[in-house]
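Here's start_20.tsv, which has TSV, C-alpha atoms and all ligand atoms:
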chain	number	residue	atom	x	y	z
S	1	MET	CA	-33.65	62.27	32.05
S	2	SER	CA	-35.88	65.12	31.00
S	3	VAL	CA	-39.26	66.28	32.21
S	4	THR	CA	-41.69	68.89	31.01
S	5	ILE	CA	-42.72	71.19	33.84
S	6	ASN	CA	-45.71	73.13	32.69
S	7	LYS	CA	-46.46	76.02	35.02
S	8	ALA	CA	-50.03	76.89	34.18
S	9	SER	CA	-51.01	80.57	34.23
S	10	ALA	CA	-51.40	81.69	37.81
S	11	GLN	CA	-54.74	83.22	38.68
S	12	GLY	CA	-54.17	83.54	42.39
S	13	SER	CA	-56.48	80.58	42.89
S	14	ALA	CA	-56.96	79.21	46.37
S	15	SER	CA	-56.92	75.67	44.98
S	16	ARG	CA	-55.34	72.87	46.98
S	17	PHE	CA	-52.99	72.46	43.99
S	18	ALA	CA	-51.66	76.06	44.13
S	19	GLY	CA	-47.88	75.91	43.91
S	20	LYS	CA	-47.94	72.10	44.17
S	21	LYS	CA	-46.32	69.58	41.86
S	22	VAL	CA	-48.88	67.38	40.15
S	23	TRP	CA	-47.68	64.34	38.19
S	24	ILE	CA	-50.10	63.12	35.52
S	25	THR	CA	-48.88	59.79	34.15
S	26	GLY	CA	-49.95	58.94	30.60
S	27	HIS	CA	-50.62	62.56	29.68
S	28	LYS	CA	-50.50	61.88	25.95
S	29	GLY	CA	-53.40	59.42	26.06
S	30	MET	CA	-57.10	60.26	25.82
S	31	LEU	CA	-57.74	60.50	29.56
S	32	GLY	CA	-54.32	61.90	30.56
S	33	SER	CA	-54.64	64.76	28.07
S	34	ALA	CA	-58.14	65.51	29.40
S	35	VAL	CA	-56.72	65.72	32.95
S	36	VAL	CA	-54.06	68.15	31.69
S	37	ARG	CA	-56.79	70.26	29.96
S	38	ASN	CA	-58.72	70.34	33.21
S	39	PHE	CA	-55.78	72.16	34.87
S	40	ASP	CA	-55.95	75.06	32.38
S	41	GLY	CA	-55.68	78.33	34.27
S	42	GLU	CA	-54.88	76.59	37.54
S	43	ASP	CA	-51.82	77.62	39.54
S	44	ALA	CA	-50.18	74.18	39.66
S	45	GLN	CA	-46.91	72.77	38.38
S	46	LEU	CA	-47.72	69.88	36.09
S	47	LEU	CA	-45.07	67.19	35.80
S	48	LEU	CA	-45.44	65.45	32.46
S	49	THR	CA	-43.20	62.62	31.34
S	50	SER	CA	-43.34	60.99	27.94
S	51	ARG	CA	-42.40	57.37	27.28
S	52	ALA	CA	-39.11	58.52	25.73
S	53	ASP	CA	-38.21	60.37	28.98
S	54	LEU	CA	-39.29	57.72	31.44
S	55	ASP	CA	-40.19	54.05	30.99
S	56	LEU	CA	-42.84	53.48	33.65
S	57	THR	CA	-42.23	49.70	33.58
S	58	ASN	CA	-38.65	50.28	34.83
S	59	GLN	CA	-38.65	50.47	38.62
S	60	ALA	CA	-35.16	51.94	39.07
S	61	ASP	CA	-35.89	54.74	36.58
S	62	VAL	CA	-39.33	55.52	38.01
S	63	HIS	CA	-38.07	55.67	41.61
S	64	ALA	CA	-35.03	57.79	40.64
S	65	TRP	CA	-37.30	60.18	38.74
S	66	MET	CA	-39.70	60.47	41.67
S	67	GLU	CA	-36.83	61.10	44.13
S	68	GLU	CA	-35.63	63.91	41.87
S	69	TYR	CA	-38.97	65.62	41.12
S	70	ARG	CA	-40.93	64.70	44.28
S	71	PRO	CA	-44.54	65.18	43.15
S	72	ASP	CA	-47.11	66.27	45.75
S	73	TYR	CA	-50.09	64.73	43.93
S	74	VAL	CA	-50.23	61.89	41.42
S	75	PHE	CA	-52.99	61.21	38.90
S	76	HIS	CA	-51.95	57.73	37.82
S	77	VAL	CA	-53.61	57.43	34.43
S	78	GLY	CA	-50.81	55.80	32.36
S	79	ALA	CA	-51.65	52.19	31.51
S	80	LYS	CA	-51.91	49.80	28.60
S	81	VAL	CA	-55.53	50.02	27.45
S	82	GLY	CA	-57.57	48.73	24.53
S	83	GLY	CA	-60.96	47.40	23.42
S	84	ILE	CA	-62.40	43.91	23.54
S	85	HIS	CA	-60.33	42.60	20.59
S	86	ALA	CA	-57.03	44.01	21.90
S	87	ASN	CA	-57.70	42.36	25.26
S	88	ALA	CA	-58.46	39.03	23.62
S	89	THR	CA	-55.26	39.04	21.55
S	90	LEU	CA	-52.68	40.77	23.79
S	91	PRO	CA	-53.48	39.55	27.35
S	92	ALA	CA	-49.82	39.09	28.37
S	93	SER	CA	-48.96	42.68	27.41
S	94	PHE	CA	-51.96	43.99	29.32
S	95	ILE	CA	-51.20	42.15	32.55
S	96	TYR	CA	-47.41	42.59	32.47
S	97	ASP	CA	-47.28	46.29	31.58
S	98	ASN	CA	-50.03	47.31	33.96
S	99	LEU	CA	-48.73	45.34	36.95
S	100	MET	CA	-45.22	46.73	36.47
S	101	ILE	CA	-46.29	50.33	35.87
S	102	GLN	CA	-48.67	50.60	38.80
S	103	ALA	CA	-46.34	48.78	41.23
S	104	ASN	CA	-43.55	51.22	40.37
S	105	VAL	CA	-45.68	54.36	40.58
S	106	ILE	CA	-47.57	53.38	43.75
S	107	SER	CA	-44.50	52.16	45.67
S	108	GLY	CA	-42.55	55.23	44.49
S	109	ALA	CA	-45.35	57.51	45.70
S	110	HIS	CA	-45.03	55.98	49.15
S	111	LYS	CA	-41.24	56.33	49.12
S	112	VAL	CA	-41.27	60.05	48.34
S	113	GLY	CA	-44.28	60.91	50.54
S	114	VAL	CA	-46.86	61.84	47.88
S	115	LYS	CA	-49.78	63.60	49.62
S	116	LYS	CA	-52.48	61.88	47.58
S	117	LEU	CA	-52.54	59.46	44.65
S	118	LEU	CA	-55.47	58.59	42.44
S	119	PHE	CA	-55.34	55.30	40.54
S	120	VAL	CA	-57.56	54.81	37.49
S	121	ALA	CA	-59.06	51.31	37.32
S	122	THR	CA	-61.79	49.97	35.00
S	123	ASN	CA	-65.41	48.79	35.06
S	124	CYS	CA	-64.31	45.30	33.95
S	125	THR	CA	-62.84	44.71	37.42
S	126	TYR	CA	-66.38	43.92	38.61
S	127	PRO	CA	-67.82	40.39	38.43
S	128	LYS	CA	-69.55	39.69	35.11
S	129	ASN	CA	-72.82	38.85	36.86
S	130	ALA	CA	-72.71	41.70	39.37
S	131	GLU	CA	-76.07	43.11	40.42
S	132	GLN	CA	-76.92	46.33	38.54
S	133	PRO	CA	-76.21	49.14	39.15
S	134	ILE	CA	-72.86	47.96	40.47
S	135	VAL	CA	-71.75	49.27	43.86
S	136	GLU	CA	-68.07	49.54	44.83
S	137	GLU	CA	-68.53	46.75	47.40
S	138	ALA	CA	-69.17	44.26	44.55
S	139	LEU	CA	-65.42	44.10	43.80
S	140	LEU	CA	-64.03	40.55	44.21
S	141	THR	CA	-67.42	38.98	44.88
S	142	GLY	CA	-67.64	36.79	41.76
S	143	PRO	CA	-66.03	35.52	38.52
S	144	LEU	CA	-64.82	38.01	35.90
S	145	GLU	CA	-65.75	38.24	32.22
S	146	ASP	CA	-63.30	35.90	30.49
S	147	SER	CA	-62.40	38.09	27.47
S	148	ILE	CA	-60.79	40.84	29.57
S	149	ARG	CA	-59.61	38.83	32.59
S	150	ALA	CA	-55.87	39.59	32.38
S	151	TYR	CA	-56.46	43.35	32.17
S	152	ALA	CA	-59.11	43.23	34.91
S	153	VAL	CA	-56.83	41.28	37.27
S	154	SER	CA	-54.03	43.81	36.77
S	155	LYS	CA	-56.39	46.66	37.68
S	156	ILE	CA	-57.81	44.78	40.70
S	157	ALA	CA	-54.19	44.39	41.88
S	158	GLY	CA	-53.76	48.18	41.58
S	159	ILE	CA	-56.88	48.87	43.65
S	160	GLU	CA	-55.75	46.38	46.31
S	161	MET	CA	-52.24	47.85	46.29
S	162	CYS	CA	-53.63	51.32	47.04
S	163	ARG	CA	-55.73	49.78	49.83
S	164	ALA	CA	-52.73	47.94	51.26
S	165	TYR	CA	-50.58	51.10	51.28
S	166	ARG	CA	-53.45	52.96	52.99
S	167	LYS	CA	-53.65	50.27	55.63
S	168	GLN	CA	-49.98	49.58	56.27
S	169	HIS	CA	-48.44	53.01	55.63
S	170	ARG	CA	-51.47	55.36	55.99
S	171	CYS	CA	-50.94	56.66	52.45
S	172	ASP	CA	-53.85	58.64	50.99
S	173	PHE	CA	-54.06	56.48	47.86
S	174	ILE	CA	-57.48	55.93	46.29
S	175	SER	CA	-58.90	54.35	43.14
S	176	ILE	CA	-61.64	55.23	40.69
S	177	ILE	CA	-63.69	53.12	38.28
S	178	PRO	CA	-65.00	54.86	35.17
S	179	PRO	CA	-67.46	53.37	32.66
S	180	ASN	CA	-66.61	53.21	28.90
S	181	LEU	CA	-64.83	56.43	28.00
S	182	TYR	CA	-64.91	58.36	24.76
S	183	GLY	CA	-63.91	61.80	23.49
S	184	PRO	CA	-61.02	63.71	21.93
S	185	GLY	CA	-57.72	61.82	21.85
S	186	ASP	CA	-59.34	58.39	21.49
S	187	ASN	CA	-57.63	55.56	19.63
S	188	TYR	CA	-59.37	54.82	16.28
S	189	HIS	CA	-57.26	51.76	15.45
S	190	SER	CA	-59.27	49.37	13.28
S	191	GLN	CA	-58.88	46.43	15.68
S	192	HIS	CA	-57.69	47.77	19.02
S	193	SER	CA	-60.13	50.62	19.62
S	194	HIS	CA	-63.00	50.77	22.12
S	195	VAL	CA	-66.57	50.63	20.92
S	196	VAL	CA	-67.29	54.36	20.32
S	197	ALA	CA	-64.05	54.98	18.41
S	198	GLY	CA	-64.40	51.71	16.46
S	199	ILE	CA	-67.93	52.54	15.33
S	200	ILE	CA	-67.05	56.19	14.51
S	201	ARG	CA	-64.28	54.97	12.28
S	202	ARG	CA	-66.32	52.33	10.46
S	203	THR	CA	-69.45	54.45	9.94
S	204	HIS	CA	-67.26	57.21	8.54
S	205	GLU	CA	-65.56	54.75	6.17
S	206	ALA	CA	-68.95	53.32	5.15
S	207	LYS	CA	-70.22	56.84	4.42
S	208	THR	CA	-67.12	57.84	2.44
S	209	LEU	CA	-67.11	54.62	0.39
S	210	GLU	CA	-70.93	54.80	-0.04
S	211	LYS	CA	-71.35	51.31	1.42
S	212	GLU	CA	-74.91	50.03	1.81
S	213	GLU	CA	-74.21	48.61	5.25
S	214	PHE	CA	-71.73	48.79	8.07
S	215	VAL	CA	-70.85	46.11	10.57
S	216	VAL	CA	-71.19	46.32	14.34
S	217	TRP	CA	-69.43	43.67	16.43
S	218	GLY	CA	-71.55	41.29	18.52
S	219	ASP	CA	-75.36	41.16	18.40
S	220	GLY	CA	-76.04	44.74	19.52
S	221	THR	CA	-77.79	43.78	22.78
S	222	PRO	CA	-74.99	44.38	25.35
S	223	ARG	CA	-75.39	47.67	27.18
S	224	ARG	CA	-72.63	50.15	27.96
S	225	GLU	CA	-72.51	53.26	30.11
S	226	LEU	CA	-70.55	56.04	28.40
S	227	LEU	CA	-68.71	58.99	29.90
S	228	HIS	CA	-66.94	61.81	28.08
S	229	VAL	CA	-63.25	62.06	29.13
S	230	ASP	CA	-63.59	65.74	30.08
S	231	ASP	CA	-66.35	64.84	32.53
S	232	LEU	CA	-64.15	62.13	34.03
S	233	ALA	CA	-61.18	64.53	34.32
S	234	ASP	CA	-63.43	66.93	36.19
S	235	ALA	CA	-64.60	64.18	38.55
S	236	MET	CA	-61.01	63.06	39.18
S	237	LYS	CA	-60.05	66.54	40.36
S	238	CYS	CA	-63.14	66.66	42.57
S	239	VAL	CA	-62.24	63.29	44.17
S	240	MET	CA	-58.60	64.33	44.57
S	241	LEU	CA	-59.64	67.50	46.40
S	242	ALA	CA	-62.35	65.95	48.57
S	243	PRO	CA	-61.55	64.59	52.01
S	244	THR	CA	-61.25	60.85	51.42
S	245	THR	CA	-63.97	58.90	53.15
S	246	HIS	CA	-63.85	55.97	50.69
S	247	ASP	CA	-60.94	54.27	48.95
S	248	LEU	CA	-62.85	53.46	45.73
S	249	TYR	CA	-65.26	55.60	43.71
S	250	ASN	CA	-67.38	54.65	40.70
S	251	ILE	CA	-67.62	57.63	38.35
S	252	GLY	CA	-70.43	57.24	35.83
S	253	CYS	CA	-73.41	59.04	34.32
S	254	ASN	CA	-76.11	56.75	35.82
S	255	HIS	CA	-77.52	55.39	32.55
S	256	ASP	CA	-76.48	53.00	29.80
S	257	LEU	CA	-77.61	52.15	26.28
S	258	ALA	CA	-77.66	49.11	24.01
S	259	ILE	CA	-74.78	48.87	21.51
S	260	ALA	CA	-77.45	48.86	18.74
S	261	ASP	CA	-78.78	52.25	19.94
S	262	LEU	CA	-75.26	53.59	20.32
S	263	ALA	CA	-74.46	52.53	16.74
S	264	ALA	CA	-77.60	54.31	15.49
S	265	MET	CA	-76.64	57.50	17.40
S	266	ILE	CA	-73.12	57.44	15.96
S	267	ALA	CA	-74.45	56.81	12.42
S	268	GLU	CA	-76.65	59.88	12.83
S	269	THR	CA	-73.72	61.98	14.12
S	270	VAL	CA	-71.55	60.91	11.20
S	271	GLY	CA	-74.37	61.30	8.67
S	272	TYR	CA	-74.36	57.66	7.52
S	273	LYS	CA	-77.76	56.57	6.19
S	274	GLY	CA	-77.12	52.90	5.28
S	275	LYS	CA	-78.03	49.75	7.11
S	276	ILE	CA	-76.50	48.54	10.38
S	277	VAL	CA	-75.66	44.80	10.43
S	278	TYR	CA	-74.21	42.63	13.21
S	279	ASP	CA	-71.20	40.32	13.18
S	280	THR	CA	-72.07	37.72	15.81
S	281	SER	CA	-68.74	35.95	15.32
S	282	LYS	CA	-67.30	38.86	17.37
S	283	PRO	CA	-67.73	38.71	21.16
S	284	ASN	CA	-70.48	40.54	23.05
S	285	GLY	CA	-68.34	40.67	26.19
S	286	THR	CA	-70.09	41.57	29.44
S	287	MET	CA	-73.82	42.10	28.87
S	288	ARG	CA	-74.19	45.02	31.24
S	289	LYS	CA	-72.00	47.03	33.65
S	290	LEU	CA	-73.90	50.07	34.83
S	291	LEU	CA	-72.15	51.74	37.76
S	292	ASP	CA	-73.77	53.02	40.93
S	293	SER	CA	-72.12	56.43	41.24
S	294	SER	CA	-73.85	57.63	44.41
S	295	LYS	CA	-70.61	58.05	46.36
S	296	VAL	CA	-69.08	60.50	43.88
S	297	ARG	CA	-72.45	62.28	43.45
S	298	ALA	CA	-72.44	62.84	47.22
S	299	LEU	CA	-69.23	64.87	46.72
S	300	GLY	CA	-71.20	67.28	44.51
S	301	TRP	CA	-69.93	66.13	41.10
S	302	LYS	CA	-72.15	65.35	38.13
S	303	PRO	CA	-71.40	65.03	34.39
S	304	LYS	CA	-72.01	68.07	32.16
S	305	ILE	CA	-71.63	66.70	28.61
S	306	ASP	CA	-74.62	64.91	27.06
S	307	GLU	CA	-74.07	62.04	24.63
S	308	LYS	CA	-75.17	63.96	21.54
S	309	ASP	CA	-72.68	66.82	22.09
S	310	GLY	CA	-70.01	64.42	23.28
S	311	LEU	CA	-70.29	62.16	20.23
S	312	ARG	CA	-70.15	65.21	17.96
S	313	SER	CA	-66.91	66.40	19.57
S	314	ALA	CA	-65.48	62.88	19.30
S	315	TYR	CA	-66.32	62.75	15.56
S	316	GLU	CA	-64.72	66.18	15.05
S	317	ASP	CA	-61.58	64.85	16.74
S	318	PHE	CA	-61.58	61.87	14.36
S	319	LEU	CA	-61.91	64.19	11.33
S	320	ARG	CA	-59.03	66.36	12.61
S	321	LEU	CA	-56.87	63.27	12.97
S	322	LEU	CA	-57.72	62.15	9.41
S	323	ASP	CA	-56.65	65.58	8.13
S	324	SER	CA	-53.43	65.57	10.12
S	325	PRO	CA	-50.24	65.05	8.04
S	326	THR	CA	-49.08	62.46	10.62
S	327	PRO	CA	-52.17	60.51	11.76
S	328	GLY	CA	-49.96	57.84	13.40
S	329	ALA	CA	-50.82	54.74	15.42
S	330	ARG	CA	-54.13	56.07	16.75
S	331	ILE	CA	-55.68	55.45	13.38
S	332	ASP	CA	-53.44	52.90	11.55
S	333	LEU	CA	-54.39	54.01	8.02
K	1	LIG	P1	-65.68	46.57	26.96
K	1	LIG	O1	-66.72	47.48	27.53
K	1	LIG	O2	-64.53	46.35	27.91
K	1	LIG	O3	-66.28	45.28	26.50
K	1	LIG	O4	-64.97	47.32	25.75
K	1	LIG	P2	-65.36	47.91	24.34
K	1	LIG	O5	-65.35	49.39	24.39
K	1	LIG	O6	-64.42	47.27	23.37
K	1	LIG	O7	-66.89	47.50	24.02
K	1	LIG	C1	-67.19	46.22	23.60
K	1	LIG	C2	-68.67	46.05	23.27
K	1	LIG	O8	-69.03	46.79	22.12
K	1	LIG	C3	-68.95	44.59	22.93
K	1	LIG	O9	-70.30	44.28	23.23
K	1	LIG	C4	-68.70	44.56	21.43
K	1	LIG	O10	-69.33	43.46	20.81
K	1	LIG	C5	-69.35	45.89	21.04
K	1	LIG	N1	-68.82	46.48	19.78
K	1	LIG	C6	-69.55	46.70	18.66
K	1	LIG	N2	-68.78	47.22	17.68
K	1	LIG	C7	-67.54	47.38	18.20
K	1	LIG	C8	-66.32	47.91	17.67
K	1	LIG	O11	-66.21	48.34	16.53
K	1	LIG	N3	-65.24	47.93	18.52
K	1	LIG	C9	-65.32	47.47	19.80
K	1	LIG	N4	-64.23	47.54	20.58
K	1	LIG	N5	-66.47	46.96	20.33
K	1	LIG	C10	-67.55	46.91	19.54
Before we go any further, please render this structure as structure tokens.
Amino acid sequence: MSVTINKASAQGSASRFAGKKVWITGHKGMLGSAVVRNFDGEDAQLLLTSRADLDLTNQADVHAWMEEYRPDYVFHVGAKVGGIHANATLPASFIYDNLMIQANVISGAHKVGVKKLLFVATNCTYPKNAEQPIVEEALLTGPLEDSIRAYAVSKIAGIEMCRAYRKQHRCDFISIIPPNLYGPGDNYHSQHSHVVAGIIRRTHEAKTLEKEEFVVWGDGTPRRELLHVDDLADAMKCVMLAPTTHDLYNIGCNHDLAIADLAAMIAETVGYKGKIVYDTSKPNGTMRKLLDSSKVRALGWKPKIDEKDGLRSAYEDFLRLLDSPTPGARIDL
């Protein structure tokens, strides 16, 4: 079984990660690759495993790999993820893959004595009618949004598993909840993408084909809080390094916008001048899920990338992918 050990250029940094082995699961995905980027110039040994090297759903393989490489820190990012349509059509894959993967990684981290593990959950773990902005204590206080229940339950299980290992074995395992993510490395699949990537793709197609209108799913009134992946990667490192006083941190930008306004911003970024229309046969999903991020702000972190710059860099990423000789599954052309 192979592993890529990427010794980043040493700069004599006094970082907690200096000389340590840091395993970033899911490093080829949008968030995982942002976490890797965030280690540029840092004196840490990054352990990176691709799906061909290590099947995270296979417990025997995951535990054997962890015994061999013994990571000090784990950023557990690897998971099956997708937008509202993917969740509605593939719920069994979402719940099965995520339960298996996180159980293997978290139990393995306990077995080999990982110093600290950070588990990435999701904002859909909160009750659909949670009071806004949503505080971490709202978890498990009410019914979930139906369209993403299987995925949400798998992530709630991950958060509770970290809590249980903290309690029973005193492991320093914590969880984070980001809002809707976007940025380089996103998945622009026509059906399975999240909202930013889906709208980037369709406004671009509408512009290229000179269509008079382009279609946004739902009625445009739900609100979403967006965070650029590089901001989240930065926050994850901050939380990993901070002394842990909480076991769950919301990591957001403190404001949200209506899908209709988001669509207009993306159309402007892409340079599409036609009309925006709404397909109300597609689900709205949760109406609002603005996070209260006071706990992470108290650690000194705040986001640096505003939506205008962030959306521009996301569109540039999409154009690069279109130009690539092997665009692959991220774009399903
Ligand atoms: P969610 O935050 O878990 O619901 O995930 P999404 O990133 O898929 O966002 C879904 C919200 O955006 C819903 O209100 C959808 O109706 C709306 N939406 C509008 N257009 C699109 C699109 O092209 N793709 C996706 N995924 N959602 C869209």
Considering all atoms listed in the file, tabulate each residue of stretch 95-168 of chain S that lies at most 8 Å from stretch 284-293 of chain S along with its nearest interatomic pair and the corresponding distance in Å to one decimal; arrange the rows by chain and ascending residue number and present them as JSON lines.
{"residue": "S:Asn123", "atom": "CA", "partner": "S:Lys289", "partner_atom": "CA", "distance": 7.0}
{"residue": "S:Cys124", "atom": "CA", "partner": "S:Lys289", "partner_atom": "CA", "distance": 7.9}
{"residue": "S:Lys128", "atom": "CA", "partner": "S:Thr286", "partner_atom": "CA", "distance": 6.0}
{"residue": "S:Ala130", "atom": "CA", "partner": "S:Lys289", "partner_atom": "CA", "distance": 7.9}
{"residue": "S:Gln132", "atom": "CA", "partner": "S:Leu290", "partner_atom": "CA", "distance": 6.1}
{"residue": "S:Pro133", "atom": "CA", "partner": "S:Asp292", "partner_atom": "CA", "distance": 4.9}
{"residue": "S:Ile134", "atom": "CA", "partner": "S:Leu291", "partner_atom": "CA", "distance": 4.7}
{"residue": "S:Val135", "atom": "CA", "partner": "S:Asp292", "partner_atom": "CA", "distance": 5.2}
{"residue": "S:Glu136", "atom": "CA", "partner": "S:Asp292", "partner_atom": "CA", "distance": 7.7}
{"residue": "S:Glu145", "atom": "CA", "partner": "S:Thr286", "partner_atom": "CA", "distance": 6.1}
{"residue": "S:Ser147", "atom": "CA", "partner": "S:Gly285", "partner_atom": "CA", "distance": 6.6}
Just C-alpha atoms for this one: save the residues we selected as a compact mmCIF listing (two decimals), keeping the file's coordinate frame.
# COMPACT_ATOMS: atom_id res chain seq x y z
CA ASN S 123 -65.41 48.79 35.06
CA CYS S 124 -64.31 45.30 33.95
CA LYS S 128 -69.55 39.69 35.11
CA ALA S 130 -72.71 41.70 39.37
CA GLN S 132 -76.92 46.33 38.54
CA PRO S 133 -76.21 49.14 39.15
CA ILE S 134 -72.86 47.96 40.47
CA VAL S 135 -71.75 49.27 43.86
CA GLU S 136 -68.07 49.54 44.83
CA GLU S 145 -65.75 38.24 32.22
CA SER S 147 -62.40 38.09 27.47
Using only C-alpha atoms, determine which residues lie at most 7 Å from stretch 246-256 of chain S, disregarding the query and same-chain residues fewer than 4 positions distant; provide the list as a PyMOL selection string.
chain S and resi 136+163+174-179+223-227+290-293+295-296+303
Each chain S residue no farther than 8 Å from ligand LIG 1 (chain K), nearest pair in Å, all atoms listed in the file, as CSV:
residue,atom,partner,partner_atom,distance
S:Gly82,CA,K:LIG1,O6,7.1
S:Gly83,CA,K:LIG1,O6,3.5
S:Ile84,CA,K:LIG1,O6,3.9
S:His85,CA,K:LIG1,N4,6.3
S:Asn123,CA,K:LIG1,O2,7.6
S:Cys124,CA,K:LIG1,O2,6.1
S:Ile148,CA,K:LIG1,O2,6.9
S:Pro179,CA,K:LIG1,O1,7.8
S:Asn180,CA,K:LIG1,O1,5.9
S:Leu181,CA,K:LIG1,O5,7.9
S:Ser190,CA,K:LIG1,O11,7.7
S:Gln191,CA,K:LIG1,N3,7.1
S:His192,CA,K:LIG1,N4,6.7
S:Ser193,CA,K:LIG1,N4,5.2
S:His194,CA,K:LIG1,O5,3.5
S:Val195,CA,K:LIG1,C9,3.6
S:Val196,CA,K:LIG1,O5,6.7
S:Ala197,CA,K:LIG1,N3,7.2
S:Gly198,CA,K:LIG1,O11,3.8
S:Ile199,CA,K:LIG1,O11,4.7
S:Arg202,CA,K:LIG1,O11,7.3
S:Val215,CA,K:LIG1,N2,7.5
S:Val216,CA,K:LIG1,N2,4.2
S:Trp217,CA,K:LIG1,C6,3.8
S:Gly218,CA,K:LIG1,O10,3.9
S:Asp219,CA,K:LIG1,O10,6.9
S:Gly220,CA,K:LIG1,C6,6.8
S:Thr221,CA,K:LIG1,O9,7.5
S:Pro222,CA,K:LIG1,O9,5.1
S:Arg223,CA,K:LIG1,O9,7.3
S:Arg224,CA,K:LIG1,O1,6.5
S:Ile259,CA,K:LIG1,O8,6.1
S:Ala263,CA,K:LIG1,N2,7.8
S:Lys282,CA,K:LIG1,O10,6.1
S:Pro283,CA,K:LIG1,O10,5.0
S:Asn284,CA,K:LIG1,O9,3.7
S:Gly285,CA,K:LIG1,O3,5.1
S:Thr286,CA,K:LIG1,O3,6.1
S:Met287,CA,K:LIG1,O9,7.0
Between S:Val105, S:Leu262, S:Val81, S:Ala235, which has the minimum distance to S:Gly300 (counting only C-alpha atoms)?
S:Ala235
Give me, please, the distance in Å between atom CA of S:Gly26 and atom CA of S:Leu333, quoted to one decimal.
23.5 Å
One decimal, Å: what's the distance from atom CA of S:Thr326 over to atom CA of S:Arg201, could you say?
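We find that atom CA of S:Thr326 and atom CA of S:Arg201 lie 17.0 Å from each other.
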